[in-house]
Amino acid sequence: MSNPLPNEEFRRTDSIGVVVGALNDLIKGIVPGIAVLIGLATRDNVPIFAIPLLIVALFVLPPVTAFAKWWFRRYRTGPEDIRVESGVLSREARSVPYERIQDVSLSETLLSRLFGLVEVRFETGAGGKDDLTLAFLTKEEGARLRDLVRARRDEGVEVETVTQDAAENEGTPIFAMDLKRVLLSGVFSFSLVIFAVLFAAIDQIDFLLPISIWDGDFWELLFSEQGERIRTLGRIGQIGGAIVAVLSVIVIGVVSGVVKTLLRDYGFRLDRTDKGFRRRRGLFTRTDVVMPRHRVQAVATETGVIRRFLGWHSLSFISLASDGGKASHDVAPFARWDEIAGIARQAGIALPEQVDWHRTSRAYWIDRAIIWLPIALLALGVTIWMERWVPALIPMALVLMIVFSSLTGYLRHRHALEPDRIHARAGLLSPRTMTAPRVRLQSAQIVQGPIARLRGYATLHFGLAGGVLLFRGLPVEEARSLREAVLQSIDAVDYSALPR
Amino acid sequence: MTDTPEDLTALDPRHVTVLRIEALLGMVPILIGAVIAELAADLPTGVVILPALLLTAVVTLPLPKRRYRRKGYSTTMDRLRFVKGWFRKSDTVVPFGRVQHIDVKQGLVERWFGLATLVVHTAGTHNASVSVPGLSRETAVEVREAIAARIRRDTM
């Protein structure tokens, strides 16, 4: 390094920060404190020490803890990392290498602003929750730390500078859905949510209606009146009525699916820009989202039984950024396989085409089914003993379904390893796949319970930023060799060398 | 003496004592509860206290030793590996190149014995942080320096 930084002494955060911290705690405690005081005042025979104790807790504790926190928190900017030591009884020393710091943000609260202080947050890739923060520092010290980190980081890696207008340009369209396709995709998002909405709406406004939906008499009356009419209709009328009822439910489900999809996906358009992928969609609320290419951690595909038969699939990106509450990012909700394969290639993560799929251990699925067997037998025993058939049939059916799904699990789950990627696939008639580049994985864990050890299988869990990539019931040897292969790929590329 | 699996390094033997003290501290509320329950419900002496004492003996005497024996770590090949678990065995590997930042923590009990817990943070959703307890403070700092050195080397 051209300019080695001096190994600084440990220092404390700004002392006025104690005042800010104490005031913060005071403000937080004052409302509940007053509530408790009022509560105490309205009651007789309150112990004599209660009120002084409360006052101590409210007014003496915050300054003391703020002071203790300040006294025991020290930080140092070393030649390679920032160190922070904190904690009164249990000490914690945290070290964040400069190379891992993505950015430094300075934030002010109303209080800290009065005193000219800032909270400094060092953002690493860990998604915010474990970031290192220093509260509070003077603005100058905050700016110094930020410049220091930026200078240190830029020495090592050539940071790609993307100008604002480069991100603004249109880019090349790589996928779009016309109205016809949006409507068709809506047909497949059959949804009966409308009934729930209707029910909730009626519940909200039922004071306006002459009926009450929670009133059993109303339904009884309805059924007895209508039942009488249905009985007089004759066999053909009854069957016809049932068919009409089922059909109308289906029609309502399809229509509401189409409407929902139309509102969300109207004018769907995905462009490849310099920065990444830009997606625009929506009828009334049009959203415009840019997903940087280097943030894509993995790609996932999905389909349905009929959709697959007709050749339709959907593609989503997995990343740390969330897309309207969903962790994955829809980039092609309804597309041909060629189209989604093209988009995935643009993201640098090709979908599995001609790969050698491996299956999981049969023993794992058999064991899973067997675990449910005692419960099934118990339910059966209870039915015979009680001579009650109907209530016990429901848990029996559920258990049988679980057993069935466990036994077919062997057929449904597959995985494949390619030199640069790892694929997971679940589902038989409508498979979902997940493809992650091996270098994008963060850690690898093999877990074995007692039965697993006895029967020779294991669960392999990879750390993926923003998603879950785990393989249940792999034969132990295969789990080990998969992990080893992936670890070797990871070793070859450091996290900071990944494009970011 | 230990049957630490494969080529792993055993944790510091003082970790057993720390586990025992922590288990004992965890049992204190249960023991107090047992005494109060007996006094309050006017039960014959020992009906609740004896099982509670027995449970305390089990979790403080044989279990920590057993837990200790199944734990091990290694830092070879620029990977941090930590194995633990007697009932549910887990074997976690974090390559140094994927470590985001590193904590060296010392709980109160650990501090009395000069031990520390090393916590490495990764960007993954699963295993966002991996802790290796029961290292002597010097070892924890050494491992931290080794990981930090590797992170530097890669980015230079």
# chains A, B, ... in the order shown; residues from 1 in each chain; ligands from 1
$ interface_residues --of "chain B" --to "chain A" --cutoff "7 Å" --atoms "only C-alpha atoms" --output "JSON, numbers by chain"
{"B": [87, 88, 89, 90, 91, 92, 93, 94, 95, 97, 98, 100, 101, 102, 103, 104, 105, 106, 107, 108, 122, 123, 124, 125, 126, 127, 148, 154, 155, 156]}
$ write_last_selection --atoms "N, CA, C and O atoms" --output "compact mmCIF listing (two decimals), in the first residue's frame"
# COMPACT_ATOMS: atom_id res chain seq x y z
N PHE B 87 -26.74 -34.84 19.40
CA PHE B 87 -28.00 -35.38 18.90
C PHE B 87 -28.16 -35.00 17.43
O PHE B 87 -28.35 -35.85 16.57
N ARG B 88 -28.05 -33.71 17.17
CA ARG B 88 -28.18 -33.20 15.82
C ARG B 88 -26.82 -32.63 15.45
O ARG B 88 -26.41 -31.60 15.96
N LYS B 89 -26.14 -33.36 14.58
CA LYS B 89 -24.76 -33.01 14.28
C LYS B 89 -24.71 -31.99 13.14
O LYS B 89 -25.32 -32.21 12.10
N SER B 90 -24.01 -30.90 13.36
CA SER B 90 -23.90 -29.93 12.27
C SER B 90 -22.44 -29.64 11.98
O SER B 90 -21.62 -29.61 12.88
N ASP B 91 -22.16 -29.45 10.72
CA ASP B 91 -20.79 -29.28 10.27
C ASP B 91 -20.80 -28.10 9.28
O ASP B 91 -21.30 -28.22 8.17
N THR B 92 -20.31 -26.96 9.74
CA THR B 92 -20.44 -25.73 8.96
C THR B 92 -19.08 -25.28 8.45
O THR B 92 -18.10 -25.30 9.20
N VAL B 93 -19.04 -24.87 7.20
CA VAL B 93 -17.79 -24.35 6.64
C VAL B 93 -18.05 -22.95 6.10
O VAL B 93 -18.99 -22.74 5.34
N VAL B 94 -17.23 -22.00 6.51
CA VAL B 94 -17.28 -20.66 5.93
C VAL B 94 -15.90 -20.37 5.34
O VAL B 94 -14.93 -20.30 6.08
N PRO B 95 -15.80 -20.23 4.02
CA PRO B 95 -14.50 -19.88 3.46
C PRO B 95 -14.11 -18.48 3.93
O PRO B 95 -14.97 -17.61 4.03
N GLY B 97 -12.78 -16.23 2.43
CA GLY B 97 -13.11 -15.27 1.39
C GLY B 97 -14.55 -14.79 1.41
O GLY B 97 -14.91 -13.88 0.67
N ARG B 98 -15.42 -15.43 2.21
CA ARG B 98 -16.81 -15.01 2.28
C ARG B 98 -17.16 -14.37 3.61
O ARG B 98 -18.33 -14.15 3.89
N GLN B 100 -17.70 -11.48 6.09
CA GLN B 100 -17.97 -10.05 6.00
C GLN B 100 -17.27 -9.28 7.10
O GLN B 100 -16.55 -8.35 6.85
N HIS B 101 -17.57 -9.65 8.33
CA HIS B 101 -16.81 -9.08 9.44
C HIS B 101 -16.78 -10.06 10.59
O HIS B 101 -17.48 -11.06 10.59
N ILE B 102 -15.94 -9.75 11.55
CA ILE B 102 -15.61 -10.73 12.58
C ILE B 102 -15.79 -10.10 13.96
O ILE B 102 -15.36 -8.98 14.19
N ASP B 103 -16.43 -10.84 14.86
CA ASP B 103 -16.53 -10.39 16.25
C ASP B 103 -15.75 -11.34 17.13
O ASP B 103 -15.76 -12.55 16.90
N VAL B 104 -15.12 -10.80 18.15
CA VAL B 104 -14.62 -11.64 19.24
C VAL B 104 -15.42 -11.23 20.47
O VAL B 104 -15.30 -10.12 20.94
N LYS B 105 -16.26 -12.15 20.93
CA LYS B 105 -17.16 -11.83 22.05
C LYS B 105 -16.65 -12.50 23.30
O LYS B 105 -16.14 -13.62 23.23
N GLN B 106 -16.86 -11.87 24.42
CA GLN B 106 -16.56 -12.52 25.70
C GLN B 106 -17.72 -12.34 26.64
O GLN B 106 -18.00 -11.23 27.08
N GLY B 107 -18.42 -13.41 26.93
CA GLY B 107 -19.48 -13.36 27.92
C GLY B 107 -18.85 -13.25 29.30
O GLY B 107 -17.64 -13.41 29.47
N LEU B 108 -19.69 -12.96 30.29
CA LEU B 108 -19.18 -12.75 31.64
C LEU B 108 -18.41 -13.97 32.13
O LEU B 108 -17.28 -13.87 32.62
N THR B 122 -21.53 -13.65 7.52
CA THR B 122 -21.49 -13.81 6.07
C THR B 122 -22.68 -13.09 5.47
O THR B 122 -23.59 -12.66 6.19
N ALA B 123 -22.70 -12.97 4.15
CA ALA B 123 -23.79 -12.28 3.47
C ALA B 123 -24.98 -13.20 3.24
O ALA B 123 -26.02 -12.76 2.80
N GLY B 124 -24.84 -14.47 3.51
CA GLY B 124 -25.92 -15.43 3.25
C GLY B 124 -27.08 -15.24 4.20
O GLY B 124 -26.90 -14.79 5.33
N THR B 125 -28.28 -15.61 3.74
CA THR B 125 -29.45 -15.53 4.61
C THR B 125 -29.38 -16.64 5.66
O THR B 125 -29.66 -16.42 6.82
N HIS B 126 -29.00 -17.83 5.20
CA HIS B 126 -28.77 -18.91 6.14
C HIS B 126 -27.33 -18.79 6.64
O HIS B 126 -26.45 -18.44 5.87
N ASN B 127 -27.11 -19.08 7.90
CA ASN B 127 -25.77 -18.95 8.48
C ASN B 127 -25.23 -17.53 8.34
O ASN B 127 -24.07 -17.33 8.01
N ALA B 148 -8.63 -11.97 8.72
CA ALA B 148 -8.47 -10.60 8.23
C ALA B 148 -7.31 -10.52 7.24
O ALA B 148 -7.41 -9.84 6.21
N ASP B 154 -6.44 -11.13 -0.56
CA ASP B 154 -7.26 -11.34 -1.75
C ASP B 154 -7.57 -10.06 -2.48
O ASP B 154 -7.72 -10.05 -3.68
N THR B 155 -7.70 -9.00 -1.71
CA THR B 155 -8.16 -7.78 -2.36
C THR B 155 -7.00 -6.92 -2.82
O THR B 155 -7.21 -5.87 -3.41
N MET B 156 -5.77 -7.33 -2.54
CA MET B 156 -4.64 -6.51 -2.98
C MET B 156 -4.17 -6.87 -4.36
O MET B 156 -4.46 -7.91 -4.88
$ residues_around --residues "segment 25-37 of chain B" --least-positions-apart "2" --cutoff "7 Å" --atoms "only C-alpha atoms" --output "mmCIF file with all heavy atoms, in the first residue's frame"
data_model
loop_
_atom_site.group_PDB
_atom_site.id
_atom_site.type_symbol
_atom_site.label_atom_id
_atom_site.label_comp_id
_atom_site.auth_asym_id
_atom_site.auth_seq_id
_atom_site.Cartn_x
_atom_site.Cartn_y
_atom_site.Cartn_z
ATOM 1 N N ILE B 21 -20.973 -23.951 34.263
ATOM 2 C CA ILE B 21 -21.449 -22.795 35.027
ATOM 3 C C ILE B 21 -22.669 -22.188 34.346
ATOM 4 O O ILE B 21 -23.664 -21.854 35.009
ATOM 5 C CB ILE B 21 -20.318 -21.758 35.180
ATOM 6 C CG1 ILE B 21 -19.223 -22.337 36.062
ATOM 7 C CG2 ILE B 21 -20.844 -20.462 35.775
ATOM 8 C CD1 ILE B 21 -17.973 -21.513 36.129
ATOM 9 N N GLU B 22 -22.615 -22.107 33.018
ATOM 10 C CA GLU B 22 -23.758 -21.518 32.315
ATOM 11 C C GLU B 22 -25.007 -22.372 32.500
ATOM 12 O O GLU B 22 -26.099 -21.854 32.699
ATOM 13 C CB GLU B 22 -23.432 -21.345 30.830
ATOM 14 C CG GLU B 22 -22.553 -20.130 30.591
ATOM 15 C CD GLU B 22 -22.088 -19.999 29.157
ATOM 16 O OE1 GLU B 22 -22.363 -20.918 28.342
ATOM 17 O OE2 GLU B 22 -21.454 -18.991 28.856
ATOM 18 N N ALA B 23 -24.832 -23.708 32.458
ATOM 19 C CA ALA B 23 -25.971 -24.607 32.663
ATOM 20 C C ALA B 23 -26.523 -24.428 34.074
ATOM 21 O O ALA B 23 -27.739 -24.374 34.282
ATOM 22 C CB ALA B 23 -25.551 -26.056 32.433
ATOM 23 N N LEU B 39 -42.881 -25.346 48.991
ATOM 24 C CA LEU B 39 -43.314 -24.630 50.185
ATOM 25 C C LEU B 39 -44.765 -24.198 50.048
ATOM 26 O O LEU B 39 -45.563 -24.341 50.975
ATOM 27 C CB LEU B 39 -42.419 -23.409 50.413
ATOM 28 C CG LEU B 39 -40.977 -23.740 50.807
ATOM 29 C CD1 LEU B 39 -40.164 -22.467 50.958
ATOM 30 C CD2 LEU B 39 -40.955 -24.541 52.106
ATOM 31 N N ALA B 40 -45.098 -23.696 48.837
ATOM 32 C CA ALA B 40 -46.429 -23.134 48.647
ATOM 33 C C ALA B 40 -47.494 -24.222 48.645
ATOM 34 O O ALA B 40 -48.550 -24.065 49.251
ATOM 35 C CB ALA B 40 -46.474 -22.347 47.344
ATOM 36 N N ALA B 41 -47.212 -25.338 47.985
ATOM 37 C CA ALA B 41 -48.225 -26.381 47.853
ATOM 38 C C ALA B 41 -48.197 -27.347 49.031
ATOM 39 O O ALA B 41 -48.995 -28.275 49.087
ATOM 40 C CB ALA B 41 -48.028 -27.132 46.548
ATOM 41 N N VAL B 48 -40.623 -32.327 44.592
ATOM 42 C CA VAL B 48 -40.296 -31.524 43.418
ATOM 43 C C VAL B 48 -38.795 -31.232 43.388
ATOM 44 O O VAL B 48 -38.163 -31.220 42.331
ATOM 45 C CB VAL B 48 -41.100 -30.207 43.398
ATOM 46 C CG1 VAL B 48 -40.907 -29.482 42.081
ATOM 47 C CG2 VAL B 48 -42.573 -30.482 43.647
ATOM 48 N N ILE B 49 -38.235 -31.008 44.582
ATOM 49 C CA ILE B 49 -36.831 -30.582 44.641
ATOM 50 C C ILE B 49 -35.908 -31.683 44.129
ATOM 51 O O ILE B 49 -34.970 -31.418 43.370
ATOM 52 C CB ILE B 49 -36.450 -30.182 46.086
ATOM 53 C CG1 ILE B 49 -37.230 -28.930 46.482
ATOM 54 C CG2 ILE B 49 -34.959 -29.904 46.189
ATOM 55 C CD1 ILE B 49 -36.952 -28.445 47.870
ATOM 56 N N ALA B 52 -35.753 -31.934 40.413
ATOM 57 C CA ALA B 52 -35.100 -30.728 39.902
ATOM 58 C C ALA B 52 -33.588 -30.831 40.113
ATOM 59 O O ALA B 52 -32.803 -30.465 39.232
ATOM 60 C CB ALA B 52 -35.654 -29.496 40.609
ATOM 61 N N THR B 56 -30.666 -30.941 37.327
ATOM 62 C CA THR B 56 -29.515 -30.039 37.394
ATOM 63 C C THR B 56 -28.222 -30.827 37.295
ATOM 64 O O THR B 56 -27.286 -30.446 36.578
ATOM 65 C CB THR B 56 -29.543 -29.252 38.711
ATOM 66 O OG1 THR B 56 -30.844 -28.719 38.890
ATOM 67 C CG2 THR B 56 -28.522 -28.129 38.699
#
$ residues_around --residues "Met434 of chain A" --least-positions-apart "5" --cutoff "9 Å" --atoms "only C-alpha atoms" --output "list in words"
Ala298, Val299, Ala300, Thr301, Leu351, Ile422, His423, Ala424, Arg425, Ala426 and Leu469 of chain A
$ residues_around --residues "Ser185 of chain A" --least-positions-apart "6" --cutoff "9 Å" --atoms "only C-alpha atoms" --output "PyMOL selection string"
chain A and resi 257-258+261-262+312+333-334
$ select_by_dssp --residues "segment 219-429 of chain A" --states "strand (DSSP E)" --output "ChimeraX atom specification"
/A:269-272,276-281,287-292,298-302,313-323,326-335,358-359,413-417,421-426
$ write_last_selection --atoms "C-alpha atoms" --output "PDB file, in the first residue's frame"
ATOM      1  CA  ARG A 269     -41.489  -4.688 -20.015  1.00  0.00           C
ATOM      2  CA  LEU A 270     -37.992  -5.753 -19.053  1.00  0.00           C
ATOM      3  CA  ASP A 271     -34.993  -3.860 -20.403  1.00  0.00           C
ATOM      4  CA  ARG A 272     -31.308  -4.531 -20.141  1.00  0.00           C
ATOM      5  CA  GLY A 276     -28.816  -4.025 -14.795  1.00  0.00           C
ATOM      6  CA  PHE A 277     -32.382  -5.021 -15.448  1.00  0.00           C
ATOM      7  CA  ARG A 278     -35.149  -2.477 -15.549  1.00  0.00           C
ATOM      8  CA  ARG A 279     -38.700  -3.680 -15.143  1.00  0.00           C
ATOM      9  CA  ARG A 280     -41.830  -1.643 -15.745  1.00  0.00           C
ATOM     10  CA  ARG A 281     -45.341  -2.940 -15.224  1.00  0.00           C
ATOM     11  CA  THR A 287     -43.797   0.462 -11.035  1.00  0.00           C
ATOM     12  CA  ASP A 288     -40.304   0.969 -12.369  1.00  0.00           C
ATOM     13  CA  VAL A 289     -37.632  -1.121 -10.717  1.00  0.00           C
ATOM     14  CA  VAL A 290     -33.963  -1.482 -11.554  1.00  0.00           C
ATOM     15  CA  MET A 291     -32.216  -4.628 -10.410  1.00  0.00           C
ATOM     16  CA  PRO A 292     -28.425  -4.342 -10.784  1.00  0.00           C
ATOM     17  CA  ALA A 298     -29.605 -16.924  -8.172  1.00  0.00           C
ATOM     18  CA  VAL A 299     -32.428 -17.479 -10.651  1.00  0.00           C
ATOM     19  CA  ALA A 300     -35.593 -19.498 -10.059  1.00  0.00           C
ATOM     20  CA  THR A 301     -38.156 -20.844 -12.490  1.00  0.00           C
ATOM     21  CA  GLU A 302     -41.702 -21.982 -11.866  1.00  0.00           C
ATOM     22  CA  HIS A 313     -42.821 -20.748 -17.464  1.00  0.00           C
ATOM     23  CA  SER A 314     -41.968 -17.920 -15.117  1.00  0.00           C
ATOM     24  CA  LEU A 315     -38.588 -16.610 -14.045  1.00  0.00           C
ATOM     25  CA  SER A 316     -37.534 -14.682 -10.952  1.00  0.00           C
ATOM     26  CA  PHE A 317     -34.245 -13.354  -9.619  1.00  0.00           C
ATOM     27  CA  ILE A 318     -33.109 -13.946  -6.072  1.00  0.00           C
ATOM     28  CA  SER A 319     -31.271 -11.091  -4.405  1.00  0.00           C
ATOM     29  CA  LEU A 320     -30.992  -9.271  -1.107  1.00  0.00           C
ATOM     30  CA  ALA A 321     -33.228  -6.522  -2.406  1.00  0.00           C
ATOM     31  CA  SER A 322     -36.886  -7.259  -1.905  1.00  0.00           C
ATOM     32  CA  ASP A 323     -39.617  -6.766  -4.480  1.00  0.00           C
ATOM     33  CA  LYS A 326     -41.448 -10.774  -1.874  1.00  0.00           C
ATOM     34  CA  ALA A 327     -37.845 -11.855  -1.609  1.00  0.00           C
ATOM     35  CA  SER A 328     -37.584 -12.862  -5.253  1.00  0.00           C
ATOM     36  CA  HIS A 329     -37.902 -10.495  -8.121  1.00  0.00           C
ATOM     37  CA  ASP A 330     -40.312 -11.385 -10.964  1.00  0.00           C
ATOM     38  CA  VAL A 331     -38.591 -10.766 -14.256  1.00  0.00           C
ATOM     39  CA  ALA A 332     -40.758 -12.861 -16.572  1.00  0.00           C
ATOM     40  CA  PRO A 333     -44.070 -13.986 -15.088  1.00  0.00           C
ATOM     41  CA  PHE A 334     -45.328 -15.811 -18.185  1.00  0.00           C
ATOM     42  CA  ALA A 335     -42.910 -16.713 -20.937  1.00  0.00           C
ATOM     43  CA  HIS A 358     -29.106 -36.666  -9.378  1.00  0.00           C
ATOM     44  CA  ARG A 359     -31.717 -37.954  -6.991  1.00  0.00           C
ATOM     45  CA  HIS A 413     -36.452 -33.743  -5.739  1.00  0.00           C
ATOM     46  CA  ARG A 414     -33.365 -33.577  -7.898  1.00  0.00           C
ATOM     47  CA  HIS A 415     -30.133 -31.669  -8.010  1.00  0.00           C
ATOM     48  CA  ALA A 416     -27.286 -31.219 -10.418  1.00  0.00           C
ATOM     49  CA  LEU A 417     -23.819 -29.786 -10.284  1.00  0.00           C
ATOM     50  CA  ARG A 421     -23.472 -23.571 -11.144  1.00  0.00           C
ATOM     51  CA  ILE A 422     -25.567 -25.691  -8.838  1.00  0.00           C
ATOM     52  CA  HIS A 423     -29.171 -26.571  -9.653  1.00  0.00           C
ATOM     53  CA  ALA A 424     -32.034 -27.659  -7.461  1.00  0.00           C
ATOM     54  CA  ARG A 425     -35.307 -28.958  -8.819  1.00  0.00           C
ATOM     55  CA  ALA A 426     -38.524 -29.860  -7.033  1.00  0.00           C
TER      56      ALA A 426
END
$ atom_distance --atom1 "atom CA of Phe115 of chain A" --atom2 "atom CA of Thr65 of chain A"
19.5 Å
$ select_by_dssp --residues "segment 79-114 of chain B" --states "alpha helix (DSSP H)" --output "number ranges by chain"
B: 108-112
$ atom_distance --atom1 "atom CA of Met77 of chain B" --atom2 "atom CA of Thr435 of chain A"
26.7 Å
$ atom_distance --atom1 "atom CA of Pro62 of chain B" --atom2 "atom CA of Glu38 of chain B"
27.0 Å
$ residues_around --residues "Ala57 of chain A" --least-positions-apart "3" --cutoff "12 Å" --atoms "only C-alpha atoms" --output "NGL selection string"
:A and (25-26 or 29-30 or 32-33 or 36 or 50-54 or 60-65)
$ closest_atom_pairs --of "segment 52-128 of chain B" --to "segment 132-146 of chain B" --cutoff "6 Å" --atoms "only C-alpha atoms" --output "tab-separated table"
residue	atom	partner	partner_atom	distance
B:Gly114	CA	B:Arg137	CA	5.9
B:Leu115	CA	B:Ser136	CA	4.3
B:Ala116	CA	B:Arg137	CA	5.1
B:Thr117	CA	B:Pro133	CA	4.1
B:Leu118	CA	B:Val132	CA	5.1
